[in-house]
$ cat work-v4.pdb   # PDB, C-alpha atoms
ATOM      1  CA  MET Q 191     -22.450-128.440-107.966
ATOM      2  CA  ASN Q 192     -26.182-127.700-107.805
ATOM      3  CA  CYS Q 193     -27.552-130.774-106.053
ATOM      4  CA  SER Q 194     -31.187-131.242-105.061
ATOM      5  CA  ARG Q 195     -33.096-134.157-103.624
ATOM      6  CA  ARG Q 196     -34.173-135.058-107.154
ATOM      7  CA  ASP Q 197     -30.519-135.815-107.852
ATOM      8  CA  PHE Q 198     -30.427-138.213-104.923
ATOM      9  CA  VAL Q 199     -31.179-141.719-106.217
ATOM     10  CA  VAL Q 200     -31.348-144.797-104.064
ATOM     11  CA  GLY Q 201     -31.463-148.297-105.523
ATOM     12  CA  SER Q 202     -34.524-150.456-105.041
ATOM     13  CA  ALA Q 203     -32.623-152.891-102.806
ATOM     14  CA  ALA Q 204     -31.576-150.102-100.469
ATOM     15  CA  LEU Q 205     -35.131-148.784-100.332
ATOM     16  CA  ALA Q 206     -36.417-152.230 -99.494
ATOM     17  CA  GLY Q 207     -33.912-152.453 -96.660
ATOM     18  CA  LEU Q 208     -34.968-149.099 -95.308
ATOM     19  CA  SER Q 209     -38.655-149.916 -95.414
ATOM     20  CA  ALA Q 210     -37.890-152.952 -93.282
ATOM     21  CA  VAL Q 211     -36.501-150.610 -90.649
ATOM     22  CA  GLY Q 212     -39.950-149.250 -89.920
ATOM     23  CA  ALA Q 213     -41.946-148.503 -86.832
ATOM     24  CA  THR Q 214     -42.767-152.114 -86.077
ATOM     25  CA  SER Q 215     -39.128-153.224 -86.048
ATOM     26  CA  TYR Q 216     -37.956-150.716 -83.458
ATOM     27  CA  ARG Q 217     -37.722-151.323 -79.761
ATOM     28  CA  GLU Q 218     -37.161-148.164 -77.757
ATOM     29  CA  ILE Q 219     -33.507-147.379 -78.178
ATOM     30  CA  LYS Q 220     -31.439-146.708 -75.083
ATOM     31  CA  ALA Q 221     -28.055-145.860 -76.517
ATOM     32  CA  VAL Q 222     -24.673-144.627 -75.398
ATOM     33  CA  LEU Q 223     -21.956-143.104 -77.576
ATOM     34  CA  LEU Q 224     -18.546-144.571 -76.749
ATOM     35  CA  HIS Q 225     -15.303-143.412 -78.339
ATOM     36  CA  LEU Q 226     -13.003-145.972 -79.891
ATOM     37  CA  GLY Q 227     -11.377-143.342 -82.083
ATOM     38  CA  TYR Q 228     -11.081-139.786 -80.803
ATOM     39  CA  ASN Q 229      -9.567-137.862 -83.708
ATOM     40  CA  MET Q 230     -12.683-135.790 -84.274
ATOM     41  CA  TRP Q 231     -10.905-132.601 -83.209
ATOM     42  CA  TYR Q 232      -7.540-130.986 -83.845
ATOM     43  CA  PRO Q 233      -4.753-131.498 -82.977
ATOM     44  CA  SER Q 234      -5.114-135.223 -83.552
ATOM     45  CA  ASP Q 235      -3.568-138.170 -81.709
ATOM     46  CA  THR Q 236      -0.973-140.501 -83.198
ATOM     47  CA  GLU Q 237      -1.908-143.310 -80.782
ATOM     48  CA  LEU Q 238      -5.325-144.715 -79.965
ATOM     49  CA  ARG Q 239      -6.641-143.216 -76.743
ATOM     50  CA  ALA Q 240      -9.145-145.929 -75.892
ATOM     51  CA  LYS Q 241      -7.694-148.504 -73.513
ATOM     52  CA  ASP Q 242      -8.980-152.058 -73.772
ATOM     53  CA  ASP Q 243      -9.619-152.489 -70.058
ATOM     54  CA  LEU Q 244     -11.550-149.226 -69.798
ATOM     55  CA  TRP Q 245     -13.511-150.105 -72.924
ATOM     56  CA  ARG Q 246     -14.572-153.433 -71.421
ATOM     57  CA  ARG Q 247     -15.570-151.781 -68.163
ATOM     58  CA  ALA Q 248     -17.628-149.244 -70.089
ATOM     59  CA  ILE Q 249     -19.401-152.104 -71.860
ATOM     60  CA  ASP Q 250     -20.022-153.784 -68.494
ATOM     61  CA  GLY Q 251     -21.551-150.496 -67.364
ATOM     62  CA  ALA Q 252     -23.747-150.333 -70.454
ATOM     63  CA  VAL Q 253     -25.167-153.756 -69.687
ATOM     64  CA  LYS Q 254     -25.663-152.941 -66.006
ATOM     65  CA  SER Q 255     -27.482-149.700 -66.768
ATOM     66  CA  GLY Q 256     -29.825-151.313 -69.269
ATOM     67  CA  MET Q 257     -28.457-149.897 -72.508
ATOM     68  CA  ASN Q 258     -29.504-151.837 -75.590
ATOM     69  CA  MET Q 259     -27.310-150.024 -78.114
ATOM     70  CA  VAL Q 260     -23.697-148.868 -78.261
ATOM     71  CA  VAL Q 261     -22.770-146.292 -80.889
ATOM     72  CA  VAL Q 262     -19.065-146.740 -81.588
ATOM     73  CA  ASP Q 263     -17.255-143.561 -82.622
ATOM     74  CA  VAL Q 264     -14.868-145.233 -85.050
ATOM     75  CA  GLY Q 265     -12.655-142.523 -86.535
ATOM     76  CA  GLU Q 266      -9.064-143.785 -86.512
ATOM     77  CA  GLY Q 267     -10.025-146.667 -84.222
ATOM     78  CA  ILE Q 268      -9.976-149.428 -86.850
ATOM     79  CA  VAL Q 269      -7.445-150.288 -89.549
ATOM     80  CA  LEU Q 270      -9.692-149.922 -92.599
ATOM     81  CA  PRO Q 271      -8.775-152.270 -95.476
ATOM     82  CA  SER Q 272      -9.127-149.641 -98.203
ATOM     83  CA  HIS Q 273      -7.232-146.932 -96.318
ATOM     84  CA  PRO Q 274      -4.903-148.384 -93.657
ATOM     85  CA  GLU Q 275      -3.035-145.056 -93.709
ATOM     86  CA  LEU Q 276      -5.830-143.593 -91.557
ATOM     87  CA  ALA Q 277      -4.925-145.849 -88.646
ATOM     88  CA  VAL Q 278      -2.763-144.851 -85.674
ATOM     89  CA  LYS Q 279      -0.696-146.892 -83.245
ATOM     90  CA  GLY Q 280      -3.056-149.226 -81.424
ATOM     91  CA  SER Q 281      -5.925-149.085 -83.940
ATOM     92  CA  TRP Q 282      -7.999-152.273 -83.829
ATOM     93  CA  SER Q 283      -7.870-154.794 -86.642
ATOM     94  CA  PRO Q 284     -11.142-155.536 -88.469
ATOM     95  CA  ASP Q 285     -11.161-159.014 -86.920
ATOM     96  CA  LYS Q 286     -10.802-157.608 -83.415
ATOM     97  CA  MET Q 287     -13.765-155.302 -84.036
ATOM     98  CA  LYS Q 288     -15.836-158.123 -85.509
ATOM     99  CA  ASP Q 289     -15.113-160.317 -82.485
ATOM    100  CA  GLU Q 290     -16.066-157.469 -80.155
ATOM    101  CA  ILE Q 291     -19.329-156.893 -82.013
ATOM    102  CA  LYS Q 292     -20.196-160.573 -81.569
ATOM    103  CA  ARG Q 293     -19.402-160.305 -77.865
ATOM    104  CA  LEU Q 294     -21.568-157.212 -77.457
ATOM    105  CA  ASN Q 295     -24.425-158.779 -79.403
ATOM    106  CA  GLY Q 296     -24.231-161.713 -77.017
ATOM    107  CA  LEU Q 297     -24.637-159.269 -74.137
ATOM    108  CA  GLY Q 298     -27.821-157.875 -75.703
ATOM    109  CA  LEU Q 299     -26.206-154.777 -77.189
ATOM    110  CA  GLU Q 300     -26.819-153.663 -80.738
ATOM    111  CA  VAL Q 301     -23.648-152.104 -82.162
ATOM    112  CA  VAL Q 302     -23.851-149.097 -84.477
ATOM    113  CA  PRO Q 303     -20.822-147.451 -86.126
ATOM    114  CA  LYS Q 304     -20.224-143.712 -86.294
ATOM    115  CA  LEU Q 305     -17.940-141.733 -88.566
ATOM    116  CA  ASN Q 306     -18.030-137.951 -88.697
ATOM    117  CA  PHE Q 307     -17.900-136.150 -92.033
ATOM    118  CA  SER Q 308     -18.240-132.653 -90.632
ATOM    119  CA  ALA Q 309     -15.168-130.633 -91.589
ATOM    120  CA  THR Q 310     -14.954-129.620 -87.931
ATOM    121  CA  HIS Q 311     -14.656-133.233 -86.784
ATOM    122  CA  ASP Q 312     -12.696-135.034 -89.477
ATOM    123  CA  ALA Q 313      -9.148-135.105 -88.117
ATOM    124  CA  TRP Q 314      -9.398-138.898 -88.438
ATOM    125  CA  LEU Q 315      -9.275-138.429 -92.237
ATOM    126  CA  LYS Q 316      -5.725-137.074 -91.962
ATOM    127  CA  ASP Q 317      -4.565-135.587 -95.304
ATOM    128  CA  TYR Q 318      -7.947-136.257 -96.913
ATOM    129  CA  ALA Q 319      -9.467-133.699 -94.550
ATOM    130  CA  ARG Q 320      -7.653-131.096 -96.655
ATOM    131  CA  MET Q 321      -9.179-132.490 -99.839
ATOM    132  CA  VAL Q 322     -12.820-131.856 -98.924
ATOM    133  CA  SER Q 323     -15.181-131.691-101.926
ATOM    134  CA  THR Q 324     -12.627-133.086-104.381
ATOM    135  CA  GLN Q 325     -13.052-136.248-106.429
ATOM    136  CA  LYS Q 326     -10.472-138.027-104.267
ATOM    137  CA  TYR Q 327     -12.395-137.032-101.130
ATOM    138  CA  TYR Q 328     -15.640-138.471-102.510
ATOM    139  CA  GLU Q 329     -13.867-141.727-103.325
ATOM    140  CA  VAL Q 330     -12.378-141.989 -99.831
ATOM    141  CA  VAL Q 331     -15.746-141.258 -98.231
ATOM    142  CA  LYS Q 332     -17.322-144.079-100.219
ATOM    143  CA  ASP Q 333     -14.458-146.432 -99.379
ATOM    144  CA  VAL Q 334     -14.502-145.900 -95.626
ATOM    145  CA  ILE Q 335     -18.281-146.114 -95.336
ATOM    146  CA  ARG Q 336     -18.213-149.387 -97.262
ATOM    147  CA  ASP Q 337     -15.384-150.789 -95.118
ATOM    148  CA  VAL Q 338     -17.026-149.883 -91.826
ATOM    149  CA  SER Q 339     -20.391-151.240 -92.935
ATOM    150  CA  GLU Q 340     -18.776-154.550 -93.860
ATOM    151  CA  ILE Q 341     -16.865-154.783 -90.593
ATOM    152  CA  PHE Q 342     -20.041-154.066 -88.609
ATOM    153  CA  GLY Q 343     -22.065-156.585 -90.594
ATOM    154  CA  THR Q 344     -24.340-154.120 -92.422
ATOM    155  CA  PRO Q 345     -25.790-152.458 -89.319
ATOM    156  CA  ARG Q 346     -29.368-151.224 -89.538
ATOM    157  CA  LEU Q 347     -28.153-147.744 -88.528
ATOM    158  CA  PHE Q 348     -24.940-145.896 -89.384
ATOM    159  CA  HIS Q 349     -24.166-142.526 -87.782
ATOM    160  CA  LEU Q 350     -22.485-140.080 -90.161
ATOM    161  CA  GLY Q 351     -21.970-137.133 -87.831
ATOM    162  CA  TRP Q 352     -22.274-133.806 -89.706
ATOM    163  CA  ASP Q 353     -22.381-131.492 -86.679
ATOM    164  CA  GLU Q 354     -20.845-128.087 -85.965
ATOM    165  CA  GLU Q 355     -19.368-127.298 -89.372
ATOM    166  CA  THR Q 356     -18.912-123.577 -88.715
ATOM    167  CA  ALA Q 357     -15.977-121.182 -88.647
ATOM    168  CA  GLY Q 358     -16.640-120.532 -84.984
ATOM    169  CA  HIS Q 359     -16.173-124.174 -84.071
ATOM    170  CA  GLN Q 360     -12.860-124.158 -85.963
ATOM    171  CA  SER Q 361     -11.619-120.836 -84.619
ATOM    172  CA  LYS Q 362      -8.546-122.452 -83.029
ATOM    173  CA  TYR Q 363      -7.731-124.717 -85.969
ATOM    174  CA  ASP Q 364      -4.779-124.037 -88.278
ATOM    175  CA  TYR Q 365      -6.860-125.043 -91.295
ATOM    176  CA  VAL Q 366     -10.522-124.069 -91.568
ATOM    177  CA  VAL Q 367     -13.057-125.670 -93.930
ATOM    178  CA  VAL Q 368     -16.721-124.688 -94.023
ATOM    179  CA  ARG Q 369     -18.997-125.787 -96.831
ATOM    180  CA  SER Q 370     -22.079-123.690 -97.425
ATOM    181  CA  GLU Q 371     -25.351-123.866 -99.307
ATOM    182  CA  GLN Q 372     -25.293-126.147-102.382
ATOM    183  CA  LEU Q 373     -21.836-127.559-101.734
ATOM    184  CA  TRP Q 374     -22.818-128.602 -98.193
ATOM    185  CA  TRP Q 375     -25.926-130.300 -99.546
ATOM    186  CA  HIS Q 376     -23.993-132.001-102.336
ATOM    187  CA  ASP Q 377     -21.440-133.502 -99.941
ATOM    188  CA  PHE Q 378     -24.018-134.338 -97.297
ATOM    189  CA  LEU Q 379     -26.192-136.213 -99.798
ATOM    190  CA  HIS Q 380     -23.126-138.021-101.114
ATOM    191  CA  THR Q 381     -22.521-139.562 -97.671
ATOM    192  CA  ILE Q 382     -26.213-140.405 -97.337
ATOM    193  CA  ARG Q 383     -26.174-142.153-100.697
ATOM    194  CA  CYS Q 384     -22.971-144.063 -99.885
ATOM    195  CA  CYS Q 385     -24.473-145.226 -96.601
ATOM    196  CA  GLU Q 386     -27.797-146.334 -98.056
ATOM    197  CA  GLU Q 387     -26.036-148.197-100.846
ATOM    198  CA  THR Q 388     -24.480-150.448 -98.187
ATOM    199  CA  GLY Q 389     -27.949-151.295 -96.845
ATOM    200  CA  SER Q 390     -27.748-149.248 -93.634
ATOM    201  CA  ARG Q 391     -29.966-146.377 -92.601
ATOM    202  CA  PRO Q 392     -28.145-143.019 -92.199
ATOM    203  CA  TRP Q 393     -28.229-141.287 -88.828
ATOM    204  CA  ILE Q 394     -26.954-137.763 -88.265
ATOM    205  CA  TRP Q 395     -26.613-134.909 -85.806
ATOM    206  CA  SER Q 396     -29.355-132.441 -86.745
ATOM    207  CA  ASP Q 397     -27.833-129.101 -85.737
ATOM    208  CA  PHE Q 398     -27.427-127.861 -89.319
ATOM    209  CA  GLY Q 399     -31.169-127.284 -88.996
ATOM    210  CA  TRP Q 400     -30.739-124.783 -86.167
ATOM    211  CA  HIS Q 401     -29.731-122.023 -88.549
ATOM    212  CA  HIS Q 402     -30.893-123.400 -91.913
ATOM    213  CA  LYS Q 403     -34.676-123.452 -91.913
ATOM    214  CA  ASP Q 404     -34.865-125.334 -95.215
ATOM    215  CA  PHE Q 405     -33.131-128.352 -93.647
ATOM    216  CA  VAL Q 406     -36.364-130.052 -92.587
ATOM    217  CA  LYS Q 407     -37.713-129.724 -96.136
ATOM    218  CA  ARG Q 408     -34.596-130.774 -98.033
ATOM    219  CA  CYS Q 409     -33.199-133.594 -95.896
ATOM    220  CA  PRO Q 410     -34.394-137.058 -97.016
ATOM    221  CA  LYS Q 411     -36.986-138.462 -94.616
ATOM    222  CA  THR Q 412     -35.072-141.741 -94.474
ATOM    223  CA  VAL Q 413     -32.369-140.063 -92.369
ATOM    224  CA  MET Q 414     -32.567-140.740 -88.634
ATOM    225  CA  GLN Q 415     -32.224-137.480 -86.703
ATOM    226  CA  SER Q 416     -30.406-136.807 -83.453
ATOM    227  CA  ASN Q 417     -30.961-133.218 -82.508
ATOM    228  CA  TRP Q 418     -28.936-132.545 -79.366
ATOM    229  CA  TYR Q 419     -29.811-130.153 -76.594
ATOM    230  CA  TYR Q 420     -27.481-129.807 -73.614
ATOM    231  CA  ASP Q 421     -29.050-126.699 -72.066
ATOM    232  CA  GLU Q 422     -25.602-125.135 -72.096
ATOM    233  CA  SER Q 423     -26.923-121.652 -71.284
ATOM    234  CA  CYS Q 424     -29.282-122.899 -68.547
ATOM    235  CA  GLU Q 425     -32.343-121.535 -70.343
ATOM    236  CA  GLY Q 426     -34.356-124.657 -69.672
ATOM    237  CA  PHE Q 427     -36.870-126.608 -71.746
ATOM    238  CA  ASP Q 428     -39.883-124.266 -71.802
ATOM    239  CA  LEU Q 429     -40.321-122.714 -75.242
ATOM    240  CA  SER Q 430     -43.041-120.412 -73.939
ATOM    241  CA  LYS Q 431     -40.437-118.435 -71.999
ATOM    242  CA  LYS Q 432     -39.992-115.058 -73.685
ATOM    243  CA  ASP Q 433     -36.439-114.631 -72.425
ATOM    244  CA  MET Q 434     -35.152-117.820 -74.071
ATOM    245  CA  LYS Q 435     -32.748-116.501 -76.714
ATOM    246  CA  ALA Q 436     -29.559-118.531 -77.032
ATOM    247  CA  SER Q 437     -31.283-121.923 -77.104
ATOM    248  CA  ARG Q 438     -34.681-121.361 -78.724
ATOM    249  CA  ASP Q 439     -33.717-122.571 -82.211
ATOM    250  CA  TYR Q 440     -32.021-125.659 -80.762
ATOM    251  CA  LEU Q 441     -35.065-126.750 -78.807
ATOM    252  CA  GLN Q 442     -37.548-125.738 -81.506
ATOM    253  CA  LEU Q 443     -35.903-128.085 -83.991
ATOM    254  CA  TYR Q 444     -37.344-131.125 -82.179
ATOM    255  CA  LEU Q 445     -40.815-129.811 -82.960
ATOM    256  CA  ASP Q 446     -39.948-128.919 -86.544
ATOM    257  CA  LEU Q 447     -38.473-132.349 -87.217
ATOM    258  CA  ASP Q 448     -41.591-133.961 -85.802
ATOM    259  CA  LYS Q 449     -43.868-131.750 -87.889
ATOM    260  CA  HIS Q 450     -42.030-132.841 -91.036
ATOM    261  CA  GLY Q 451     -42.248-136.552 -90.185
ATOM    262  CA  PHE Q 452     -38.697-137.478 -89.195
ATOM    263  CA  ASP Q 453     -37.789-140.347 -86.883
ATOM    264  CA  GLN Q 454     -35.809-138.994 -83.931
ATOM    265  CA  ILE Q 455     -33.362-140.205 -81.307
ATOM    266  CA  PRO Q 456     -32.761-137.106 -79.143
ATOM    267  CA  CYS Q 457     -29.299-136.819 -77.630
ATOM    268  CA  GLY Q 458     -28.534-135.548 -74.147
ATOM    269  CA  THR Q 459     -25.430-135.435 -72.000
ATOM    270  CA  ASN Q 460     -23.832-134.986 -68.609
ATOM    271  CA  TRP Q 461     -21.015-132.995 -70.241
ATOM    272  CA  VAL Q 462     -20.642-129.611 -68.562
ATOM    273  CA  SER Q 463     -20.453-126.489 -70.748
ATOM    274  CA  GLY Q 464     -18.114-123.596 -70.045
ATOM    275  CA  TYR Q 465     -21.021-121.457 -68.886
ATOM    276  CA  ARG Q 466     -22.172-124.089 -66.423
ATOM    277  CA  ARG Q 467     -18.639-124.532 -65.117
ATOM    278  CA  SER Q 468     -18.358-120.782 -64.575
ATOM    279  CA  LYS Q 469     -21.492-120.962 -62.428
ATOM    280  CA  GLY Q 470     -20.332-124.029 -60.527
ATOM    281  CA  LEU Q 471     -23.144-126.101 -62.041
ATOM    282  CA  LYS Q 472     -23.203-129.703 -63.239
ATOM    283  CA  ALA Q 473     -25.429-131.071 -66.003
ATOM    284  CA  ASP Q 474     -26.890-134.165 -64.376
ATOM    285  CA  GLU Q 475     -30.467-132.971 -64.884
ATOM    286  CA  VAL Q 476     -30.160-132.379 -68.630
ATOM    287  CA  ILE Q 477     -30.937-135.890 -69.902
ATOM    288  CA  GLY Q 478     -33.910-136.283 -67.584
ATOM    289  CA  ASN Q 479     -35.410-132.990 -68.715
ATOM    290  CA  LEU Q 480     -34.753-133.873 -72.347
ATOM    291  CA  VAL Q 481     -36.552-137.205 -72.013
ATOM    292  CA  LYS Q 482     -39.588-135.477 -70.473
ATOM    293  CA  PHE Q 483     -39.622-132.755 -73.126
ATOM    294  CA  SER Q 484     -39.263-135.239 -75.983
ATOM    295  CA  ARG Q 485     -41.975-137.554 -74.762
ATOM    296  CA  ALA Q 486     -44.325-134.587 -74.392
ATOM    297  CA  ASN Q 487     -43.538-132.994 -77.772
ATOM    298  CA  ILE Q 488     -42.496-135.683 -80.265
ATOM    299  CA  SER Q 489     -45.030-138.066 -81.782
ATOM    300  CA  ALA Q 490     -44.857-141.452 -80.098
ATOM    301  CA  ASP Q 491     -44.467-143.248 -83.432
ATOM    302  CA  LYS Q 492     -41.523-141.026 -84.388
ATOM    303  CA  LEU Q 493     -39.647-141.012 -81.087
ATOM    304  CA  ARG Q 494     -37.356-144.018 -81.452
ATOM    305  CA  GLY Q 495     -35.467-143.706 -78.188
ATOM    306  CA  PHE Q 496     -32.613-141.689 -76.698
ATOM    307  CA  LEU Q 497     -28.861-141.351 -76.923
ATOM    308  CA  THR Q 498     -26.453-140.105 -74.279
ATOM    309  CA  ALA Q 499     -22.950-138.802 -74.931
ATOM    310  CA  ALA Q 500     -20.497-137.915 -72.176
ATOM    311  CA  TRP Q 501     -17.912-136.738 -74.726
ATOM    312  CA  ALA Q 502     -15.114-138.358 -72.768
ATOM    313  CA  ALA Q 503     -12.469-140.662 -74.229
ATOM    314  CA  LEU Q 504     -11.981-144.043 -72.588
ATOM    315  CA  ASP Q 505      -8.433-143.215 -71.566
ATOM    316  CA  THR Q 506      -8.610-142.475 -67.818
ATOM    317  CA  GLU Q 507     -10.603-143.578 -64.782
ATOM    318  CA  GLU Q 508     -12.123-140.113 -64.574
ATOM    319  CA  ASN Q 509     -13.396-140.271 -68.139
ATOM    320  CA  LEU Q 510     -14.649-143.821 -67.686
ATOM    321  CA  ASN Q 511     -16.699-142.613 -64.726
ATOM    322  CA  LYS Q 512     -18.179-139.807 -66.825
ATOM    323  CA  ASN Q 513     -19.386-142.373 -69.339
ATOM    324  CA  LEU Q 514     -20.781-144.652 -66.635
ATOM    325  CA  ALA Q 515     -22.586-141.734 -65.025
ATOM    326  CA  ALA Q 516     -24.094-140.723 -68.367
ATOM    327  CA  MET Q 517     -25.523-144.205 -68.844
ATOM    328  CA  ASN Q 518     -26.965-144.336 -65.340
ATOM    329  CA  LEU Q 519     -28.601-140.936 -65.782
ATOM    330  CA  LEU Q 520     -30.202-142.034 -69.056
ATOM    331  CA  ASP Q 521     -31.422-145.258 -67.502
ATOM    332  CA  THR Q 522     -33.055-143.370 -64.639
ATOM    333  CA  ALA Q 523     -34.589-140.813 -66.985
ATOM    334  CA  MET Q 524     -36.136-143.374 -69.305
ATOM    335  CA  LYS Q 525     -37.631-145.297 -66.392
ATOM    336  CA  GLY Q 526     -39.185-142.140 -64.978
TER
END

$ encode --input "work-v4.pdb" --output "C-alpha cells"
Amino acid sequence: MNCSRRDFVVGSAALAGLSAVGATSYREIKAVLLHLGYNMWYPSDTELRAKDDLWRRAIDGAVKSGMNMVVVDVGEGIVLPSHPELAVKGSWSPDKMKDEIKRLNGLGLEVVPKLNFSATHDAWLKDYARMVSTQKYYEVVKDVIRDVSEIFGTPRLFHLGWDEETAGHQSKYDYVVVRSEQLWWHDFLHTIRCCEETGSRPWIWSDFGWHHKDFVKRCPKTVMQSNWYYDESCEGFDLSKKDMKASRDYLQLYLDLDKHGFDQIPCGTNWVSGYRRSKGLKADEVIGNLVKFSRANISADKLRGFLTAAWAALDTEENLNKNLAAMNLLDTAMKG
C-alpha cells in the first residue's frame, strides 16, 4: 500500500481541464457552505434534515449578501444512481438537484458539490463506512464521485472533505476508523484521482497538514486548499505572540501552503466553540480577522477567495439565521 505522488497519474484531458482553471479564470470567490445532507457525523439521520423552504430562504440570503458560490454538502442529500441505498427519506432526485443548480446559476451563484471522505465524517456512506480501504470501498468512492460530478454538470471545483480523521474526533463513536501514514495517502490520492478523472478540480480541508509537516510537500499542487481557523481558543491571529500554543500550527499552515505554491480559499465561521461558550463569547469577529490575516499573508495570486461555514443544518429557523448571519459577516469582511 506504499503510494507516492509518482504513483498518482492524471490523464492528459484532466490536466488540460485543470490548467484552464488558472489564475485568469478566477473571480474572487465569496462562498457559503450549505448542508443538503447532514450525515457527516454519528449517529446518522434516516430522514433528510434540510427543509425546502429553509433551503430557498438560505439561497435568497446568499444572493442578498453578495455570495457568488454555494458549496452544497451533499452526503445523503441526493439519490445517487449508482448507489440509491445511500439515500434517506426525503433525499432529492438527481433531476431536482439539476433543476436547482440551473435556478442558482440564474441567480448568479456557482454551485459546487461537497462529499466528505474523512472516516470521521462519512456516516452518509452507511455500511460502506465500515469497509474503508477495501476494494469495494474504492469502487463506491469512484461511483459516487462520478455520479455527483455528472449531476452537477462537471463543476470546476469539487470539495472532498478529508478533515478531522483522528481518534479524538471519534471518541464518542461506536466504531472508530483512523488511517495513518501510507494508507491515508493512498486513500486520499484515490479520491483526488477519481475527482480529476471527472474533469473537476479537487478541493479539500487542509487540517491534515496541522500535524503532518510533509503534507505541503506530498499533496498535489492541483488540489485547492481550505485551511480553516476558527480561533476556538481565543488566541488571536498574531503569530508573533509567544504564548500562542493551541492554535499556532493551525494558523501557520496558511503561510506554509502559500510558501509551497498552493491556491487557497480560507474558511472562517460564526460557529461558537465550547471554550467560547464557556466564556460567554460569540465568534462574529472570526471571519473578519481571518480575511485581514489572509490578505496580509497569502500571495494575491494564490488567494482565490473565502468560504464561510456556520455548521448548522437547514432544519430550523434558528439554524437558518446562523447561516444568514455567517453570509452577512463574510460579505462585510470582504468589503472591508

$ closest_atom_pairs --input "work-v4.pdb" --of "segment 299-321 of chain Q" --to "segment 389-399 of chain Q" --cutoff "12 Å" --atoms "all atoms listed in the file" --output "JSON lines"
{"residue": "Q:Val302", "atom": "CA", "partner": "Q:Ser390", "partner_atom": "CA", "distance": 10.0}
{"residue": "Q:Pro303", "atom": "CA", "partner": "Q:Trp393", "partner_atom": "CA", "distance": 10.0}
{"residue": "Q:Lys304", "atom": "CA", "partner": "Q:Trp393", "partner_atom": "CA", "distance": 8.7}
{"residue": "Q:Leu305", "atom": "CA", "partner": "Q:Ile394", "partner_atom": "CA", "distance": 9.9}
{"residue": "Q:Asn306", "atom": "CA", "partner": "Q:Ile394", "partner_atom": "CA", "distance": 8.9}
{"residue": "Q:Phe307", "atom": "CA", "partner": "Q:Ile394", "partner_atom": "CA", "distance": 9.9}
{"residue": "Q:Ser308", "atom": "CA", "partner": "Q:Trp395", "partner_atom": "CA", "distance": 9.9}

$ resolve_selection --input "work-v4.pdb" --expression "the PyMOL selection byres ((chain Q and resi 323-328) around 9)" --output "JSON, numbers by chain"
{"Q": [318, 319, 320, 321, 322, 329, 330, 331, 332, 333, 369, 373, 376, 377, 380, 381]}

$ closest_residue --input "work-v4.pdb" --among "Q:Thr522, Q:Asn511, Q:Ser416, Q:Ser463" --to "Arg494 of chain Q" --atoms "all atoms listed in the file"
Q:Ser416

$ atom_distance --input "work-v4.pdb" --atom1 "atom CA of Asp289 of chain Q" --atom2 "atom CA of Leu504 of chain Q"
19.3 Å

$ atom_distance --input "work-v4.pdb" --atom1 "atom CA of Ala515 of chain Q" --atom2 "atom CA of Gly267 of chain Q"
23.5 Å

$ atom_distance --input "work-v4.pdb" --atom1 "atom CA of Ala490 of chain Q" --atom2 "atom CA of Asp453 of chain Q"
9.9 Å

$ closest_residue --input "work-v4.pdb" --among "Q:Trp501, Q:Gly256, Q:Leu294, Q:Asp250" --to "Ala523 of chain Q" --atoms "all atoms listed in the file"
Q:Gly256

$ resolve_selection --input "work-v4.pdb" --expression "the PyMOL selection byres ((chain Q and resi 506) around 12)" --output "list in words"
Arg239, Ala240, Lys241, Asp242, Asp243, Leu244, Trp245, Arg247, Ala248, Ala502, Ala503, Leu504, Asp505, Glu507, Glu508, Asn509, Leu510, Asn511, Lys512 and Asn513 of chain Q

$ write_last_selection --input "work-v4.pdb" --atoms "C-alpha atoms" --output "PDB file, in the frame of the given file"
ATOM      1  CA  ARG Q 239      -6.641-143.216 -76.743  1.00  0.00           C
ATOM      2  CA  ALA Q 240      -9.145-145.929 -75.892  1.00  0.00           C
ATOM      3  CA  LYS Q 241      -7.694-148.504 -73.513  1.00  0.00           C
ATOM      4  CA  ASP Q 242      -8.980-152.058 -73.772  1.00  0.00           C
ATOM      5  CA  ASP Q 243      -9.619-152.489 -70.058  1.00  0.00           C
ATOM      6  CA  LEU Q 244     -11.550-149.226 -69.798  1.00  0.00           C
ATOM      7  CA  TRP Q 245     -13.511-150.105 -72.924  1.00  0.00           C
ATOM      8  CA  ARG Q 247     -15.570-151.781 -68.163  1.00  0.00           C
ATOM      9  CA  ALA Q 248     -17.628-149.244 -70.089  1.00  0.00           C
ATOM     10  CA  ALA Q 502     -15.114-138.358 -72.768  1.00  0.00           C
ATOM     11  CA  ALA Q 503     -12.469-140.662 -74.229  1.00  0.00           C
ATOM     12  CA  LEU Q 504     -11.981-144.043 -72.588  1.00  0.00           C
ATOM     13  CA  ASP Q 505      -8.433-143.215 -71.566  1.00  0.00           C
ATOM     14  CA  GLU Q 507     -10.603-143.578 -64.782  1.00  0.00           C
ATOM     15  CA  GLU Q 508     -12.123-140.113 -64.574  1.00  0.00           C
ATOM     16  CA  ASN Q 509     -13.396-140.271 -68.139  1.00  0.00           C
ATOM     17  CA  LEU Q 510     -14.649-143.821 -67.686  1.00  0.00           C
ATOM     18  CA  ASN Q 511     -16.699-142.613 -64.726  1.00  0.00           C
ATOM     19  CA  LYS Q 512     -18.179-139.807 -66.825  1.00  0.00           C
ATOM     20  CA  ASN Q 513     -19.386-142.373 -69.339  1.00  0.00           C
TER      21      ASN Q 513
END

$ closest_residue --input "work-v4.pdb" --among "Q:Asn460, Q:Gln454, Q:Gln360, Q:Asn487" --to "Gln442 of chain Q" --atoms "all atoms listed in the file"
Q:Asn487

$ closest_residue --input "work-v4.pdb" --among "Q:Cys409, Q:Met414, Q:Ile291, Q:Val269" --to "Val334 of chain Q" --atoms "all atoms listed in the file"
Q:Val269

$ residues_near_point --input "work-v4.pdb" --point "(-35.1, -142.1, -79.3)" --cutoff "8 Å" --atoms "only C-alpha atoms" --output "PyMOL selection string"
chain Q and resi 218-220+454-456+493-497

$ residues_around --input "work-v4.pdb" --residues "segment 281-288 of chain Q" --least-positions-apart "5" --cutoff "8 Å" --atoms "only C-alpha atoms" --output "list in words"
Glu237, Leu238, Glu266, Gly267, Ile268, Val269, Leu270, Ile341 and Phe342 of chain Q

$ residues_around --input "work-v4.pdb" --residues "Val367 of chain Q" --least-positions-apart "6" --cutoff "8 Å" --atoms "only C-alpha atoms" --output "ChimeraX atom specification"
/Q:309-310,322,355,357
